[in-house]
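A.B. asks: As input, take protein-v1.csv (CSV, C-alpha atoms):
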chain,number,residue,atom,x,y,z
K,172,MET,CA,-36.6,-64.1,-49.2
K,173,SER,CA,-35.4,-66.7,-46.8
K,174,ASP,CA,-35.2,-70.4,-47.6
K,175,THR,CA,-37.5,-71.1,-44.7
K,176,GLY,CA,-40.2,-68.8,-46.1
K,177,ASP,CA,-39.8,-70.2,-49.6
K,178,GLU,CA,-40.1,-73.8,-48.3
K,179,ARG,CA,-43.2,-72.9,-46.3
K,180,ARG,CA,-44.9,-71.4,-49.4
K,181,GLN,CA,-44.0,-74.5,-51.5
K,182,ALA,CA,-45.3,-76.8,-48.8
K,183,ALA,CA,-48.5,-74.8,-48.8
K,184,GLY,CA,-48.7,-75.1,-52.6
K,185,ARG,CA,-48.3,-78.9,-52.4
K,186,ALA,CA,-51.0,-79.2,-49.8
K,187,GLY,CA,-53.3,-76.8,-51.6
K,188,GLY,CA,-53.4,-78.8,-54.8
K,189,GLY,CA,-56.1,-77.1,-56.9
K,190,SER,CA,-56.3,-74.2,-54.5
K,191,GLY,CA,-53.9,-72.1,-56.6
K,192,ILE,CA,-51.5,-71.6,-53.7
K,193,ARG,CA,-48.0,-71.5,-54.9
K,194,GLY,CA,-44.5,-70.3,-54.2
K,195,SER,CA,-43.2,-67.1,-55.7
K,196,ALA,CA,-40.9,-66.8,-58.6
K,197,ARG,CA,-37.4,-65.8,-57.6
K,198,GLY,CA,-36.1,-62.5,-59.1
K,199,ARG,CA,-39.6,-61.0,-59.2
K,200,ALA,CA,-41.8,-60.0,-56.3
K,201,PRO,CA,-40.8,-61.4,-52.9
K,202,VAL,CA,-44.2,-63.1,-52.9
K,203,PRO,CA,-46.9,-63.6,-55.5
K,204,LEU,CA,-48.9,-60.5,-56.3
K,205,SER,CA,-52.7,-60.5,-56.9
K,206,VAL,CA,-55.5,-58.0,-57.5
K,207,LEU,CA,-58.4,-57.1,-55.2
K,208,ASP,CA,-61.0,-55.3,-57.3
K,209,LEU,CA,-63.6,-53.0,-55.7
K,210,VAL,CA,-65.0,-52.0,-59.0
K,211,THR,CA,-65.0,-48.4,-58.0
K,212,VAL,CA,-67.2,-45.8,-59.7
K,213,GLY,CA,-65.8,-42.3,-60.1
K,214,ALA,CA,-67.8,-39.1,-60.2
K,215,GLY,CA,-68.8,-38.4,-63.8
K,216,SER,CA,-68.6,-42.1,-64.7
K,217,THR,CA,-71.0,-45.1,-64.5
K,218,ALA,CA,-71.2,-48.6,-63.3
K,219,HIS,CA,-70.9,-49.8,-66.9
K,220,ALA,CA,-67.6,-48.1,-67.3
K,221,ALA,CA,-66.4,-49.5,-63.9
K,222,LEU,CA,-67.3,-53.0,-64.9
K,223,ARG,CA,-65.6,-52.6,-68.3
K,224,THR,CA,-62.5,-51.5,-66.4
K,225,SER,CA,-62.6,-54.6,-64.3
K,226,VAL,CA,-62.4,-56.7,-67.5
K,227,ASP,CA,-59.4,-54.6,-68.6
K,228,ILE,CA,-57.7,-55.1,-65.2
K,229,ALA,CA,-58.3,-58.8,-65.3
K,230,ARG,CA,-56.8,-59.1,-68.8
K,231,LEU,CA,-53.8,-57.0,-67.8
K,232,ALA,CA,-53.3,-59.0,-64.6
K,233,GLU,CA,-53.4,-62.2,-66.5
K,234,ALA,CA,-51.0,-61.0,-69.2
K,235,ARG,CA,-48.5,-59.6,-66.6
K,236,GLY,CA,-48.5,-62.7,-64.3
K,237,TYR,CA,-50.6,-61.5,-61.4
K,238,HIS,CA,-51.8,-64.7,-59.6
K,239,ARG,CA,-55.4,-63.9,-58.7
K,240,HIS,CA,-58.1,-61.4,-59.4
K,241,TRP,CA,-60.7,-61.2,-56.6
K,242,VAL,CA,-63.9,-59.1,-56.4
K,243,ALA,CA,-65.3,-57.9,-53.1
K,244,GLU,CA,-69.0,-57.8,-52.1
K,245,HIS,CA,-70.3,-54.4,-51.1
K,246,HIS,CA,-73.9,-53.0,-51.0
K,247,SER,CA,-75.6,-49.6,-51.0
K,248,MET,CA,-72.3,-47.8,-51.7
K,249,PRO,CA,-72.5,-45.4,-54.6
K,250,GLY,CA,-68.7,-45.6,-55.1
K,251,VAL,CA,-68.5,-49.3,-55.8
K,252,ALA,CA,-70.3,-51.6,-58.3
K,253,SER,CA,-69.4,-55.0,-56.8
K,254,SER,CA,-72.7,-56.0,-55.1
K,255,SER,CA,-72.8,-59.4,-57.0
K,256,PRO,CA,-69.3,-61.0,-57.1
K,257,ALA,CA,-70.6,-64.3,-58.7
K,258,VAL,CA,-72.1,-62.4,-61.6
K,259,ILE,CA,-68.9,-60.3,-62.1
K,260,LEU,CA,-66.7,-63.3,-61.9
K,261,ALA,CA,-68.7,-65.1,-64.6
K,262,HIS,CA,-68.1,-62.2,-66.8
K,263,LEU,CA,-64.4,-62.0,-66.0
K,264,ALA,CA,-64.1,-65.8,-66.6
K,265,ALA,CA,-65.4,-65.3,-70.1
K,266,HIS,CA,-62.7,-62.7,-70.9
K,267,THR,CA,-59.7,-64.5,-69.3
K,268,SER,CA,-58.2,-68.0,-69.6
K,269,ARG,CA,-55.6,-68.6,-67.0
K,270,ILE,CA,-55.7,-66.2,-64.0
K,271,ARG,CA,-57.5,-67.4,-60.8
K,272,LEU,CA,-60.7,-65.6,-60.1
K,273,GLY,CA,-62.5,-65.4,-56.8
K,274,SER,CA,-64.5,-63.5,-54.2
K,275,GLY,CA,-62.7,-61.3,-51.7
K,276,GLY,CA,-65.2,-62.0,-50.4
K,277,VAL,CA,-68.7,-63.3,-50.4
K,278,MET,CA,-70.3,-62.1,-47.1
K,279,LEU,CA,-71.8,-65.4,-46.1
K,280,PRO,CA,-74.4,-64.1,-43.5
K,281,ASN,CA,-76.1,-62.3,-46.4
K,282,HIS,CA,-76.8,-65.5,-48.3
K,283,ALA,CA,-78.2,-69.0,-48.0
K,284,PRO,CA,-75.2,-71.4,-48.0
K,285,LEU,CA,-77.0,-73.5,-50.7
K,286,ALA,CA,-77.2,-70.4,-53.0
K,287,VAL,CA,-73.5,-69.7,-52.6
K,288,ALA,CA,-72.6,-73.4,-53.2
K,289,GLU,CA,-74.6,-73.3,-56.5
K,290,GLN,CA,-73.3,-70.0,-57.7
K,291,PHE,CA,-69.7,-71.0,-57.2
K,292,GLY,CA,-70.3,-74.5,-58.4
K,293,THR,CA,-71.5,-72.9,-61.6
K,294,LEU,CA,-68.4,-70.7,-61.7
K,295,GLU,CA,-66.2,-73.8,-61.2
K,296,ALA,CA,-68.0,-75.5,-64.1
K,297,LEU,CA,-67.5,-72.4,-66.3
K,298,ALA,CA,-63.8,-72.0,-65.4
K,299,PRO,CA,-62.5,-75.3,-63.9
K,300,GLY,CA,-59.6,-75.0,-61.6
K,301,ARG,CA,-59.6,-71.2,-61.6
K,302,ILE,CA,-62.2,-70.2,-58.9
K,303,ASP,CA,-61.6,-69.3,-55.3
K,304,LEU,CA,-64.4,-68.9,-52.8
K,305,GLY,CA,-63.3,-66.3,-50.2
K,306,LEU,CA,-65.8,-65.8,-47.4
K,307,GLY,CA,-66.4,-63.1,-44.9
K,308,ARG,CA,-68.8,-62.8,-41.9
K,309,ALA,CA,-69.4,-59.0,-42.0
K,310,PRO,CA,-72.4,-57.7,-44.0
K,311,GLY,CA,-70.3,-55.6,-46.4
K,312,THR,CA,-72.6,-52.7,-45.7
K,313,ASP,CA,-74.6,-51.0,-42.9
K,314,GLY,CA,-77.1,-52.8,-40.7
K,315,ARG,CA,-80.2,-51.4,-42.4
K,316,THR,CA,-79.0,-52.6,-45.8
K,317,ALA,CA,-78.0,-56.0,-44.4
K,318,ALA,CA,-81.6,-56.4,-43.1
K,319,ALA,CA,-83.0,-55.5,-46.5
K,320,LEU,CA,-80.6,-58.0,-48.2
K,321,ARG,CA,-82.0,-60.8,-46.0
K,322,GLY,CA,-85.6,-59.9,-46.9
K,323,SER,CA,-86.8,-59.9,-43.3
K,324,GLY,CA,-86.4,-56.3,-42.3
K,325,ARG,CA,-84.2,-57.3,-39.4
K,326,LEU,CA,-80.9,-59.2,-38.8
K,327,ASP,CA,-81.9,-62.8,-38.3
K,328,GLU,CA,-78.4,-64.1,-38.7
K,329,SER,CA,-75.6,-62.8,-36.5
K,330,ALA,CA,-72.0,-62.9,-37.5
K,331,GLU,CA,-71.5,-65.4,-34.6
K,332,ASP,CA,-73.5,-67.9,-36.6
K,333,PHE,CA,-70.8,-67.9,-39.2
K,334,PRO,CA,-69.2,-71.3,-38.3
K,335,ARG,CA,-72.5,-73.1,-38.7
K,336,GLN,CA,-73.1,-71.5,-42.1
K,337,LEU,CA,-69.5,-72.4,-43.1
K,338,VAL,CA,-70.0,-76.1,-42.2
K,339,GLU,CA,-73.3,-76.1,-44.1
K,340,LEU,CA,-71.7,-74.5,-47.2
K,341,THR,CA,-68.9,-76.9,-47.1
K,342,ARG,CA,-71.2,-79.9,-47.0
K,343,PHE,CA,-73.2,-78.6,-49.9
K,344,LEU,CA,-70.0,-78.1,-51.9
K,345,ASP,CA,-68.9,-81.7,-51.1
K,346,ASP,CA,-72.4,-83.2,-51.2
K,347,ASP,CA,-71.7,-85.1,-48.0
K,348,PHE,CA,-74.5,-84.4,-45.5
K,349,PRO,CA,-74.8,-87.6,-43.4
K,350,ASP,CA,-77.8,-89.9,-43.7
K,351,GLY,CA,-80.6,-88.7,-41.6
K,352,HIS,CA,-79.7,-85.0,-42.0
K,353,PRO,CA,-82.6,-82.8,-43.3
K,354,TYR,CA,-80.4,-81.9,-46.2
K,355,SER,CA,-79.1,-85.3,-47.1
K,356,ARG,CA,-81.1,-85.4,-50.3
K,357,VAL,CA,-80.5,-81.8,-51.2
K,358,HIS,CA,-77.8,-81.4,-53.9
K,359,ALA,CA,-76.0,-78.2,-54.9
K,360,VAL,CA,-75.9,-78.1,-58.7
K,361,PRO,CA,-73.6,-78.0,-60.5
K,362,GLY,CA,-71.8,-80.2,-58.0
K,363,PRO,CA,-70.6,-83.8,-57.2
K,364,VAL,CA,-74.1,-85.3,-57.9
K,365,GLN,CA,-73.5,-84.4,-61.6
K,366,GLY,CA,-70.0,-85.8,-61.7
K,367,SER,CA,-68.1,-82.7,-60.9
K,368,VAL,CA,-64.6,-83.7,-59.7
K,369,GLY,CA,-63.4,-80.3,-58.3
K,370,ARG,CA,-64.9,-77.5,-56.3
K,371,PRO,CA,-63.7,-74.0,-55.4
K,372,PRO,CA,-61.2,-73.9,-52.5
K,373,LEU,CA,-62.5,-72.1,-49.4
K,374,TRP,CA,-60.7,-69.1,-47.9
K,375,LEU,CA,-61.6,-67.2,-44.8
K,376,LEU,CA,-61.3,-63.4,-44.9
K,377,GLY,CA,-61.3,-61.0,-42.0
K,378,SER,CA,-60.2,-57.9,-40.3
K,379,SER,CA,-60.1,-59.2,-36.7
K,380,GLY,CA,-59.0,-62.2,-34.7
K,381,PHE,CA,-62.2,-64.2,-35.1
K,382,SER,CA,-61.7,-65.3,-38.7
K,383,ALA,CA,-58.0,-65.6,-38.2
K,384,ARG,CA,-58.4,-68.1,-35.4
K,385,LEU,CA,-61.1,-70.0,-37.2
K,386,ALA,CA,-59.1,-70.2,-40.4
K,387,GLY,CA,-56.2,-71.6,-38.4
K,388,GLU,CA,-58.2,-74.1,-36.5
K,389,LEU,CA,-59.7,-75.4,-39.8
K,390,GLY,CA,-56.4,-75.4,-41.7
K,391,LEU,CA,-57.7,-73.0,-44.3
K,392,PRO,CA,-55.9,-70.2,-46.1
K,393,PHE,CA,-56.5,-66.8,-44.6
K,394,ALA,CA,-56.8,-63.3,-46.2
K,395,TYR,CA,-56.5,-60.3,-43.9
K,396,ALA,CA,-57.9,-56.8,-44.8
K,397,HIS,CA,-54.7,-54.8,-44.1
K,398,HIS,CA,-56.0,-52.2,-46.6
K,399,PHE,CA,-58.6,-50.9,-44.1
K,400,SER,CA,-57.5,-52.3,-40.8
K,401,ALA,CA,-53.7,-52.1,-40.8
K,402,ALA,CA,-53.3,-51.8,-37.0
K,403,GLY,CA,-54.6,-55.4,-36.6
K,404,THR,CA,-52.5,-57.0,-39.3
K,405,LEU,CA,-49.7,-58.5,-37.2
K,406,PRO,CA,-51.8,-59.7,-34.3
K,407,ALA,CA,-54.3,-61.4,-36.7
K,408,LEU,CA,-51.5,-63.1,-38.6
K,409,ASP,CA,-49.8,-64.2,-35.4
K,410,LEU,CA,-53.1,-65.6,-34.2
K,411,TYR,CA,-53.7,-67.4,-37.5
K,412,ARG,CA,-50.3,-69.0,-37.4
K,413,GLN,CA,-50.5,-70.0,-33.8
K,414,SER,CA,-54.0,-71.5,-34.2
K,415,PHE,CA,-53.1,-73.3,-37.4
K,416,ARG,CA,-53.8,-77.1,-37.6
K,417,PRO,CA,-52.7,-79.0,-40.7
K,418,SER,CA,-55.6,-80.2,-42.8
K,419,ALA,CA,-56.4,-81.9,-46.1
K,420,VAL,CA,-56.1,-78.4,-47.7
K,421,LEU,CA,-52.9,-77.1,-46.2
K,422,ASP,CA,-50.0,-78.6,-44.2
K,423,ALA,CA,-48.7,-75.1,-43.4
K,424,PRO,CA,-50.3,-71.7,-42.9
K,425,TYR,CA,-50.9,-69.5,-45.9
K,426,ALA,CA,-51.7,-65.9,-45.4
K,427,VAL,CA,-52.6,-63.2,-47.9
K,428,ILE,CA,-53.0,-59.5,-47.0
K,429,GLY,CA,-55.0,-57.0,-48.9
K,430,VAL,CA,-52.9,-53.9,-49.6
K,431,ALA,CA,-54.0,-50.5,-50.8
K,432,ALA,CA,-51.3,-49.6,-53.3
K,433,LEU,CA,-51.2,-47.2,-56.2
K,434,ALA,CA,-48.3,-46.4,-58.5
K,435,ALA,CA,-48.1,-43.4,-60.9
K,436,ASP,CA,-45.6,-41.7,-63.1
K,437,THR,CA,-44.8,-39.2,-60.4
K,438,ALA,CA,-45.2,-39.2,-56.6
K,439,GLY,CA,-47.4,-36.1,-56.9
K,440,GLU,CA,-49.8,-37.8,-59.3
K,441,ALA,CA,-50.0,-40.9,-57.0
K,442,ARG,CA,-50.7,-38.6,-54.0
K,443,ALA,CA,-53.5,-36.9,-56.0
K,444,GLN,CA,-55.1,-40.2,-57.0
K,445,VAL,CA,-55.1,-41.8,-53.5
K,446,LEU,CA,-56.5,-38.6,-52.0
K,447,THR,CA,-59.7,-39.3,-53.9
K,448,GLY,CA,-60.1,-42.6,-52.2
K,449,ALA,CA,-59.3,-41.1,-48.8
K,450,LEU,CA,-62.0,-38.5,-49.3
K,451,SER,CA,-64.4,-41.1,-50.4
K,452,MET,CA,-63.7,-43.2,-47.3
K,453,LEU,CA,-64.1,-40.1,-45.1
K,454,ARG,CA,-67.5,-39.4,-46.5
K,455,LEU,CA,-68.5,-43.1,-46.1
K,456,ARG,CA,-67.4,-43.2,-42.5
K,457,SER,CA,-69.3,-40.0,-41.8
K,458,GLY,CA,-72.5,-41.2,-43.3
K,459,ARG,CA,-72.2,-39.4,-46.6
K,460,PRO,CA,-71.3,-42.0,-49.1
K,461,GLY,CA,-71.0,-41.0,-52.8
K,462,LEU,CA,-69.2,-41.6,-56.0
K,463,VAL,CA,-65.4,-41.4,-55.8
K,464,PRO,CA,-64.5,-37.7,-56.2
K,465,THR,CA,-62.2,-36.4,-58.9
K,466,PRO,CA,-58.6,-35.4,-58.0
K,467,GLN,CA,-59.6,-31.8,-58.5
K,468,GLU,CA,-62.5,-32.1,-56.0
K,469,ALA,CA,-60.3,-33.9,-53.5
K,470,ALA,CA,-57.5,-31.3,-53.8
K,471,ALA,CA,-60.0,-28.4,-53.3
K,472,TYR,CA,-61.9,-30.0,-50.4
K,473,PRO,CA,-61.8,-27.9,-47.2
K,474,PHE,CA,-60.7,-30.6,-44.6
K,475,SER,CA,-61.4,-29.7,-41.0
K,476,PRO,CA,-58.6,-30.5,-38.6
K,477,MET,CA,-60.3,-33.7,-37.5
K,478,GLU,CA,-61.0,-34.7,-41.1
K,479,ARG,CA,-57.4,-34.0,-42.0
K,480,GLU,CA,-56.2,-36.2,-39.2
K,481,PHE,CA,-58.4,-39.1,-40.5
K,482,VAL,CA,-57.2,-38.6,-44.0
K,483,ASP,CA,-53.6,-38.5,-43.0
K,484,GLY,CA,-54.0,-41.7,-41.0
K,485,TRP,CA,-55.7,-43.3,-44.0
K,486,LEU,CA,-53.1,-42.3,-46.5
K,487,ALA,CA,-50.3,-43.5,-44.2
K,488,ASN,CA,-51.4,-47.1,-44.8
K,489,ILE,CA,-51.5,-46.8,-48.6
K,490,VAL,CA,-48.4,-47.7,-50.5
K,491,HIS,CA,-48.2,-45.0,-53.1
K,492,GLY,CA,-45.7,-43.2,-55.2
K,493,THR,CA,-43.6,-44.0,-58.2
K,494,ALA,CA,-43.3,-47.6,-59.3
K,495,ASP,CA,-39.9,-48.0,-57.5
K,496,GLU,CA,-41.3,-46.4,-54.4
K,497,VAL,CA,-44.3,-48.8,-54.4
K,498,ARG,CA,-42.1,-51.8,-55.0
K,499,ALA,CA,-39.9,-50.8,-52.0
K,500,GLY,CA,-43.1,-50.3,-49.8
K,501,LEU,CA,-44.5,-53.7,-50.9
K,502,ASP,CA,-41.2,-55.5,-50.3
K,503,ASP,CA,-41.0,-53.9,-46.8
K,504,LEU,CA,-44.6,-54.9,-46.0
K,505,ALA,CA,-44.0,-58.5,-47.1
K,506,GLY,CA,-40.9,-58.7,-45.0
K,507,ARG,CA,-42.6,-57.2,-41.9
K,508,THR,CA,-45.7,-59.4,-42.0
K,509,GLY,CA,-44.3,-62.6,-43.5
K,510,ALA,CA,-47.3,-62.6,-45.8
K,511,ASP,CA,-47.3,-65.4,-48.4
K,512,GLU,CA,-49.1,-63.2,-51.0
K,513,LEU,CA,-50.0,-59.6,-51.5
K,514,MET,CA,-53.3,-58.7,-53.0
K,515,LEU,CA,-53.2,-55.1,-54.3
K,516,THR,CA,-56.2,-52.8,-54.5
K,517,ALA,CA,-55.6,-49.7,-56.5
K,518,ASN,CA,-58.4,-47.3,-55.5
K,519,ALA,CA,-58.6,-44.1,-57.5
K,520,HIS,CA,-61.2,-42.0,-59.3
K,521,SER,CA,-60.4,-43.2,-62.8
K,522,GLY,CA,-60.1,-46.7,-64.3
K,523,THR,CA,-57.2,-45.4,-66.3
K,524,ALA,CA,-55.2,-44.6,-63.2
K,525,ARG,CA,-55.9,-48.0,-61.7
K,526,LEU,CA,-54.8,-49.8,-64.9
K,527,ARG,CA,-51.7,-47.7,-65.1
K,528,SER,CA,-50.9,-48.6,-61.5
K,529,TYR,CA,-51.0,-52.3,-62.0
K,530,GLY,CA,-48.9,-52.0,-65.1
K,531,LEU,CA,-46.3,-49.9,-63.4
K,532,VAL,CA,-46.1,-52.3,-60.4
K,533,ALA,CA,-45.6,-55.2,-62.9
K,534,ASP,CA,-42.9,-53.3,-64.6
K,535,ALA,CA,-41.1,-52.5,-61.3
K,536,TYR,CA,-40.9,-56.3,-60.6
K,537,GLY,CA,-40.0,-57.3,-64.1
K,538,MET,CA,-43.1,-59.4,-64.4
K,539,PRO,CA,-43.7,-60.9,-67.9
K,540,VAL,CA,-45.4,-58.8,-70.5
K,541,ASP,CA,-47.3,-61.6,-72.2
K,542,GLY,CA,-48.0,-63.8,-69.2
K,543,ALA,CA,-45.9,-66.6,-70.5
K,544,ASP,CA,-44.0,-67.1,-67.2
K,545,HIS,CA,-46.4,-68.4,-64.5
K,546,SER,CA,-43.9,-70.1,-62.3
Would you put the structure from the file into structure tokens?
C.D. replies:
Amino acid sequence: MSDTGDERRQAAGRAGGGSGIRGSARGRAPVPLSVLDLVTVGAGSTAHAALRTSVDIARLAEARGYHRHWVAEHHSMPGVASSSPAVILAHLAAHTSRIRLGSGGVMLPNHAPLAVAEQFGTLEALAPGRIDLGLGRAPGTDGRTAAALRGSGRLDESAEDFPRQLVELTRFLDDDFPDGHPYSRVHAVPGPVQGSVGRPPLWLLGSSGFSARLAGELGLPFAYAHHFSAAGTLPALDLYRQSFRPSAVLDAPYAVIGVAALAADTAGEARAQVLTGALSMLRLRSGRPGLVPTPQEAAAYPFSPMEREFVDGWLANIVHGTADEVRAGLDDLAGRTGADELMLTANAHSGTARLRSYGLVADAYGMPVDGADHS
């Protein structure tokens, strides 16, 4: 890691204050490692089991020195159980004590900004100084489901309305609507009107240039969805850095990338596990979503040539193999992108495989076993 990169991360950490942005520990990962949890539900399993696994992963991540544990919002997808990030995060907060918890992300167009401000104000009151509010502008589902979420039967809010919603959410969090504004006497609770001295830091998430540019212009930290849009990673990060303007939050850009990564005891086992996620994505993209298939089902699936091409392309962007192979892949990715933090999502059929992966990656980097070292 270059001195310039380390100084940039430290500057971001100073400016971020309570945002949980920090420099990495030398001698471990080249940048901080975090967890992106999709709360996947495998065939033969249940949402109850998937949510129990999320608690286990959060506990392991905290003990091993992972920096954050984020939960993503998805709807009407049988293979994931993360439709309500705020509810899941409250549960995770009750089972952890140090690790940062957050949304990766809340899809703001699906919600009233006041409702989001109150949900995350509640989380901040439950776990002070540990909550991140990551925001996306996509619906996290298909158009029909998005319309049902908004209760109108149609899409009243477009993604292009996102900047207005973001400003409104920020003012609710800070309780600073100007006099004369229709909401000047509306208070998000818990919040500043009740004496709260902190609030969750905002992050913008995206898989295109829109959020990258907006995050840069607002001086906010940015998280890019490399795990499902790898081709756009470098252009989006370049745009973010070029657009960046120092703010009260950051004096330098801070970019996280979501990375699909899975380690196993053998390269063959890792390949068998990630193939389950690839088949699940193939079915989702072709309008046939379902539970994440077993390794046996994925191995026996009769892929057509076109399907095989999709799956091969998908697998090419997943860092997988033995722990040492995954470490090498992550180090290479961090070096190529200049990312300030890697957020790993281990998608597989079983919770056991996902837990094993996060443990193996931690072993490969010599991360603490008891979580005592958080530098």
A.B. asks: Any idea what the distance is between atom CA of K:His245 and atom CA of K:Gly276?
C.D. replies: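 Here the two named atoms are 9.2 Å from each other.
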A.B. asks: Select, from K:Thr523, K:Thr516, K:Ser268, K:Ser255, the residue with the minimum atom-to-atom distance to K:Asp208, counting all atoms listed in the file.
C.D. replies: K:Thr516
A.B. asks: Residues near stretch 390-392 of chain K, anyone? I mean within 7 Å using only C-alpha atoms, not counting same-chain ones fewer than 2 positions away, as a list in words.
C.D. replies: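 The residues that qualify are Trp374, Leu375, Ala386, Gly387, Glu388, Ala394, Phe415, Arg416, Pro417, Ser418, Val420, Leu421, Pro424, Tyr425 and Ala426 of chain K.
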A.B. asks: Using only C-alpha atoms, what does the table of stretch 236-323 of chain K residues within 10 Å of stretch 359-367 of chain K look like, with each row giving the shortest atom pair and its distance in Å to one decimal, sorted by chain and ascending number, as a tab-separated table?
C.D. replies:
residue	atom	partner	partner_atom	distance
K:Pro284	CA	K:Ala359	CA	9.7
K:Leu285	CA	K:Ala359	CA	6.4
K:Ala286	CA	K:Ala359	CA	8.1
K:Val287	CA	K:Ala359	CA	9.2
K:Ala288	CA	K:Ala359	CA	6.1
K:Glu289	CA	K:Ala359	CA	5.3
K:Gln290	CA	K:Pro361	CA	8.5
K:Phe291	CA	K:Pro361	CA	8.7
K:Gly292	CA	K:Pro361	CA	5.2
K:Thr293	CA	K:Pro361	CA	5.6
K:Leu294	CA	K:Pro361	CA	9.0
K:Glu295	CA	K:Pro361	CA	8.5
K:Ala296	CA	K:Pro361	CA	7.1
K:Pro299	CA	K:Ser367	CA	9.8
A.B. asks: Between atom CA of K:Arg459 and atom CA of K:His397, measure the distance and give it in Å to one decimal.
C.D. replies: 23.4 Å
A.B. asks: Using all atoms listed in the file, find each residue of stretch 399-462 of chain K with at least one atom at most 10 Å away from an atom of stretch 210-224 of chain K; report its shortest atom-to-atom pair and that distance in Å (one decimal), sort the rows by chain and rising residue number, and return the result as a tab-separated table.
C.D. replies:
residue	atom	partner	partner_atom	distance
K:Thr447	CA	K:Gly213	CA	9.2
K:Gly448	CA	K:Thr211	CA	9.6
K:Ser451	CA	K:Gly213	CA	9.9
K:Gly461	CA	K:Ala214	CA	8.3
K:Leu462	CA	K:Ala214	CA	5.1
